[in-house]
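Asker: Starting off with a structure, shown below.
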Amino acid sequence: MARRVTAARRYAEAAFQIGRADGTLDSWERDMATIGATIRHPELRRLLQHPAIPFGNKERVLRAVMGGGVAPEAVNLVLLMARRGRPGAIQPMIVHFAELLRRERGIALADVRTALPLDDGQRADVAARLRSLTGSQVEINETVDPDLIGGIAVRIGDQLYDASVRSRLERLRARLTTA
């Protein structure tokens, strides 16, 4: 697992440096999103990870699936990873590439958990509040978690902002049991 993460970081950083040097980060971003969506298909993932299938067959299928919608450099990166026995690192590489891109653009990723789905107005209010807390643009990754009972919990990097009813009840219980 650790080797997969390390390999994913190296490949993502290499792709990012190429994109930054060439001024093609936007096209790399689109290509990585397309590759990520394509690689999520279970049959393609099994094909890429199966050790008995010759690399030539994997290459043919991947090039056919990607078609002309993905730059050859991005397809070659994925093929290089598959050839070197790292097909399991492709998805983590795409995630790390997105992190590097957000960091370059000054955007923080906020994992927002709520008991009920947010409407557009609430989402805008949360984004504005998080922007004022972090001092940077915020990209929201929203998850509905009924266990929160109510309120909101937000994780930005290592920071956790927990204003959920569940955590308030747990803190109240802790105070009552220690008193």
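Identifiers for the structure tokens are assigned positionally: chains receive A, B, ... in sequence, residues are indexed from 1 per chain, and ligands are indexed from 1 in the order shown.
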Can you tell me which residues surround Met93 of chain A at a distance of at most 10 Å, considering only C-alpha atoms, apart from same-chain residues fewer than 3 positions away, and format the answer as a list in words?

Answerer: Arg4, Val5, Thr6, Ala7, Ala8, Arg9, Arg10, Tyr11, Ala12, Glu13, Ala15, Met32, Gly36, Val78, Met81, Gly88, Ala89, Ile90, His96, Phe97, Ala98 and Glu99 of chain A

Asker: For Glu142 of chain A, work out the shell of residues within 7 Å, counting only C-alpha atoms and skipping chain neighbours fewer than 6 positions away, then give it as a list in words.

Answerer: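 These residues fall inside the cut-off: Asp111, Val112 and Arg113 of chain A.
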
Asker: Name the residues of segment 48-93 of chain A that come out as helix (DSSP H, G or I) in a backbone DSSP run; write them as an MDAnalysis selection string.

Answerer: chainID A and resid 48:49 55:66 72:83 87:93

Asker: To one decimal place, how far is atom CA of Asp119 of chain A from atom CA of Thr143 of chain A in Å?

Answerer: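 Spanning atom CA of Asp119 of chain A to atom CA of Thr143 of chain A is a straight-line distance of 12.8 Å.
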
Asker: Give me the residues near Arg131 of chain A as a ChimeraX atom specification, where near means some atom within 12 Å (using only C-alpha atoms) and where sequence neighbours in that chain fewer than 4 positions away do not count.

Answerer: /A:106-110,124-127,135-140,156

Asker: Put those residues in a file: C-alpha atoms, as an mmCIF file, in the first residue's frame.

Answerer:
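Below is the file that was written, selection-v1.cif:
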data_model
loop_
_atom_site.group_PDB
_atom_site.id
_atom_site.type_symbol
_atom_site.label_atom_id
_atom_site.label_comp_id
_atom_site.auth_asym_id
_atom_site.auth_seq_id
_atom_site.Cartn_x
_atom_site.Cartn_y
_atom_site.Cartn_z
ATOM 1 C CA GLY A 106 -4.840 28.416 -3.825
ATOM 2 C CA ILE A 107 -7.961 26.292 -3.352
ATOM 3 C CA ALA A 108 -8.607 24.354 -0.138
ATOM 4 C CA LEU A 109 -10.617 21.113 -0.210
ATOM 5 C CA ALA A 110 -13.298 20.988 2.469
ATOM 6 C CA ALA A 124 -23.014 29.197 -0.686
ATOM 7 C CA ASP A 125 -23.188 30.292 2.977
ATOM 8 C CA VAL A 126 -20.945 27.401 4.056
ATOM 9 C CA ALA A 127 -18.466 28.194 1.259
ATOM 10 C CA GLY A 135 -8.483 32.957 3.631
ATOM 11 C CA SER A 136 -8.585 31.054 0.350
ATOM 12 C CA GLN A 137 -11.055 29.681 -2.164
ATOM 13 C CA VAL A 138 -12.774 26.507 -0.997
ATOM 14 C CA GLU A 139 -13.891 23.469 -2.970
ATOM 15 C CA ILE A 140 -16.613 21.576 -1.123
ATOM 16 C CA ILE A 156 -9.981 21.049 5.780
#

Asker: In terms of the shortest atom-to-atom distance over only C-alpha atoms, which of A:Leu101, A:Met66, A:Ile39, A:Ala52 is closest to Phe16 of chain A?

Answerer: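 For Phe16 of chain A, the nearest of the candidates is A:Leu101.
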
Asker: Which polymer residues have any atom within 6 Å of an atom of Arg166 of chain A, counting only C-alpha atoms, with same-chain residues fewer than 3 positions away left out, as a list of chain:residue names?

Answerer: A:Leu148, A:Ile149, A:Leu169

Asker: Keeping only N, CA and C atoms, write the selected residues as a PDB file, in the first residue's frame.

Answerer:
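Below is the file selection-v2.pdb, written as the result:
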ATOM      1  N   LEU A 148     -25.023  12.341  12.209  1.00  0.00           N
ATOM      2  CA  LEU A 148     -24.723  13.627  12.834  1.00  0.00           C
ATOM      3  C   LEU A 148     -25.929  14.202  13.563  1.00  0.00           C
ATOM      4  N   ILE A 149     -27.105  13.723  13.261  1.00  0.00           N
ATOM      5  CA  ILE A 149     -28.386  14.162  13.814  1.00  0.00           C
ATOM      6  C   ILE A 149     -28.766  15.544  13.288  1.00  0.00           C
ATOM      7  N   LEU A 169     -23.768  16.551  21.859  1.00  0.00           N
ATOM      8  CA  LEU A 169     -24.330  15.603  22.827  1.00  0.00           C
ATOM      9  C   LEU A 169     -23.232  14.765  23.481  1.00  0.00           C
TER      10      LEU A 169
END

Asker: Of the candidates A:Ile35, A:Leu100, A:Val95, A:Leu133, which one gets nearest to Val75 of chain A if we count only C-alpha atoms?

Answerer: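 Using only C-alpha atoms, Val75 of chain A sits closest to A:Ile35.
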
Asker: What's around Arg168 of chain A at 12 Å? Count only C-alpha atoms, leave out sequence neighbours fewer than 3 positions away in its own chain, and write the answer as a JSON list (two decimals) with N, CA, C and O atoms, in the first residue's frame.

Answerer:
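Writing the result to part_11.json gives the following:
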[["chain", "number", "residue", "atom", "x", "y", "z"],
["A", 148, "LEU", "N", -25.02, 12.34, 12.21],
["A", 148, "LEU", "CA", -24.72, 13.63, 12.83],
["A", 148, "LEU", "C", -25.93, 14.20, 13.56],
["A", 148, "LEU", "O", -25.79, 15.12, 14.36],
["A", 149, "ILE", "N", -27.11, 13.72, 13.26],
["A", 149, "ILE", "CA", -28.39, 14.16, 13.81],
["A", 149, "ILE", "C", -28.77, 15.54, 13.29],
["A", 149, "ILE", "O", -29.86, 15.77, 12.83],
["A", 150, "GLY", "N", -27.85, 16.47, 13.32],
["A", 150, "GLY", "CA", -28.06, 17.83, 12.82],
["A", 150, "GLY", "C", -26.75, 18.57, 12.84],
["A", 150, "GLY", "O", -25.75, 18.08, 13.36],
["A", 151, "GLY", "N", -26.71, 19.74, 12.25],
["A", 151, "GLY", "CA", -25.49, 20.53, 12.25],
["A", 151, "GLY", "C", -24.58, 20.16, 11.09],
["A", 151, "GLY", "O", -25.00, 19.62, 10.09],
["A", 152, "ILE", "N", -23.27, 20.44, 11.31],
["A", 152, "ILE", "CA", -22.30, 20.27, 10.23],
["A", 152, "ILE", "C", -20.93, 19.93, 10.82],
["A", 152, "ILE", "O", -20.60, 20.38, 11.92],
["A", 153, "ALA", "N", -20.16, 19.13, 10.09],
["A", 153, "ALA", "CA", -18.77, 18.84, 10.44],
["A", 153, "ALA", "C", -17.95, 19.06, 9.18],
["A", 153, "ALA", "O", -18.29, 18.58, 8.11],
["A", 162, "ASP", "N", -16.25, 20.94, 14.03],
["A", 162, "ASP", "CA", -17.39, 20.06, 14.28],
["A", 162, "ASP", "C", -18.47, 20.80, 15.05],
["A", 162, "ASP", "O", -18.33, 21.07, 16.23],
["A", 163, "ALA", "N", -19.54, 21.14, 14.35],
["A", 163, "ALA", "CA", -20.68, 21.81, 14.96],
["A", 163, "ALA", "C", -21.91, 20.94, 14.79],
["A", 163, "ALA", "O", -23.01, 21.42, 14.54],
["A", 164, "SER", "N", -21.71, 19.62, 14.95],
["A", 164, "SER", "CA", -22.83, 18.70, 14.79],
["A", 164, "SER", "C", -23.53, 18.49, 16.13],
["A", 164, "SER", "O", -22.93, 18.63, 17.20],
["A", 165, "VAL", "N", -24.79, 18.15, 16.07],
["A", 165, "VAL", "CA", -25.56, 17.87, 17.28],
["A", 165, "VAL", "C", -24.97, 16.66, 17.99],
["A", 165, "VAL", "O", -24.86, 16.63, 19.22],
["A", 171, "ARG", "N", -20.08, 15.70, 23.95],
["A", 171, "ARG", "CA", -19.36, 16.57, 24.88],
["A", 171, "ARG", "C", -20.18, 16.78, 26.16],
["A", 171, "ARG", "O", -19.62, 16.78, 27.27],
["A", 172, "LEU", "N", -21.48, 16.95, 26.00],
["A", 172, "LEU", "CA", -22.34, 17.11, 27.17],
["A", 172, "LEU", "C", -22.32, 15.85, 28.03],
["A", 172, "LEU", "O", -22.19, 15.92, 29.26],
["A", 173, "ARG", "N", -22.41, 14.68, 27.40],
["A", 173, "ARG", "CA", -22.35, 13.42, 28.13],
["A", 173, "ARG", "C", -21.03, 13.28, 28.87],
["A", 173, "ARG", "O", -20.98, 12.87, 30.03],
["A", 174, "ALA", "N", -19.92, 13.66, 28.24],
["A", 174, "ALA", "CA", -18.60, 13.56, 28.86],
["A", 174, "ALA", "C", -18.53, 14.48, 30.09],
["A", 174, "ALA", "O", -17.99, 14.09, 31.12],
["A", 175, "ARG", "N", -19.09, 15.69, 29.98],
["A", 175, "ARG", "CA", -19.07, 16.60, 31.11],
["A", 175, "ARG", "C", -19.92, 16.08, 32.25],
["A", 175, "ARG", "O", -19.56, 16.20, 33.42]]

Asker: Running DSSP on the backbone, which parts of segment 13-179 of chain A land in strand (DSSP E or B), as an MDAnalysis selection string?

Answerer: chainID A and resid 107:114 137:144 151:156 159:164

Asker: Please report the interatomic distance between atom CA of Trp28 of chain A and atom CA of Ala74 of chain A in Å with one decimal.

Answerer: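 Interatomic distance here is 7.2 Å.
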
Asker: Would you mind reading off the distance between atom CA of His50 of chain A and atom CA of Pro87 of chain A, one decimal, in Å?

Answerer: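 Atom-to-atom, atom CA of His50 of chain A to atom CA of Pro87 of chain A, that is 9.3 Å.
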
Asker: Using only C-alpha atoms, which protein or nucleic acid residues come within 12 Å of Phe55 of chain A? Drop anything in the same chain fewer than 6 positions from it, and give the result as a compact mmCIF listing (two decimals) with C-alpha atoms, in the first residue's frame.

Answerer:
# COMPACT_ATOMS: atom_id res chain seq x y z
CA LEU A 47 -8.02 -5.83 -17.32
CA LEU A 48 -5.28 -3.39 -16.32
CA GLN A 49 -4.56 -5.19 -13.06
CA VAL A 61 -7.85 -1.54 -25.16
CA LEU A 62 -6.86 1.57 -23.23
CA LEU A 79 0.33 2.97 -19.84
CA LEU A 80 3.73 3.51 -18.24
CA MET A 81 2.21 2.88 -14.83
CA ALA A 82 0.52 -0.29 -16.09
CA ARG A 83 3.74 -1.51 -17.75
CA ARG A 84 5.70 -0.98 -14.55
CA GLY A 85 3.19 -2.99 -12.54
CA PRO A 87 -2.09 -0.09 -12.23
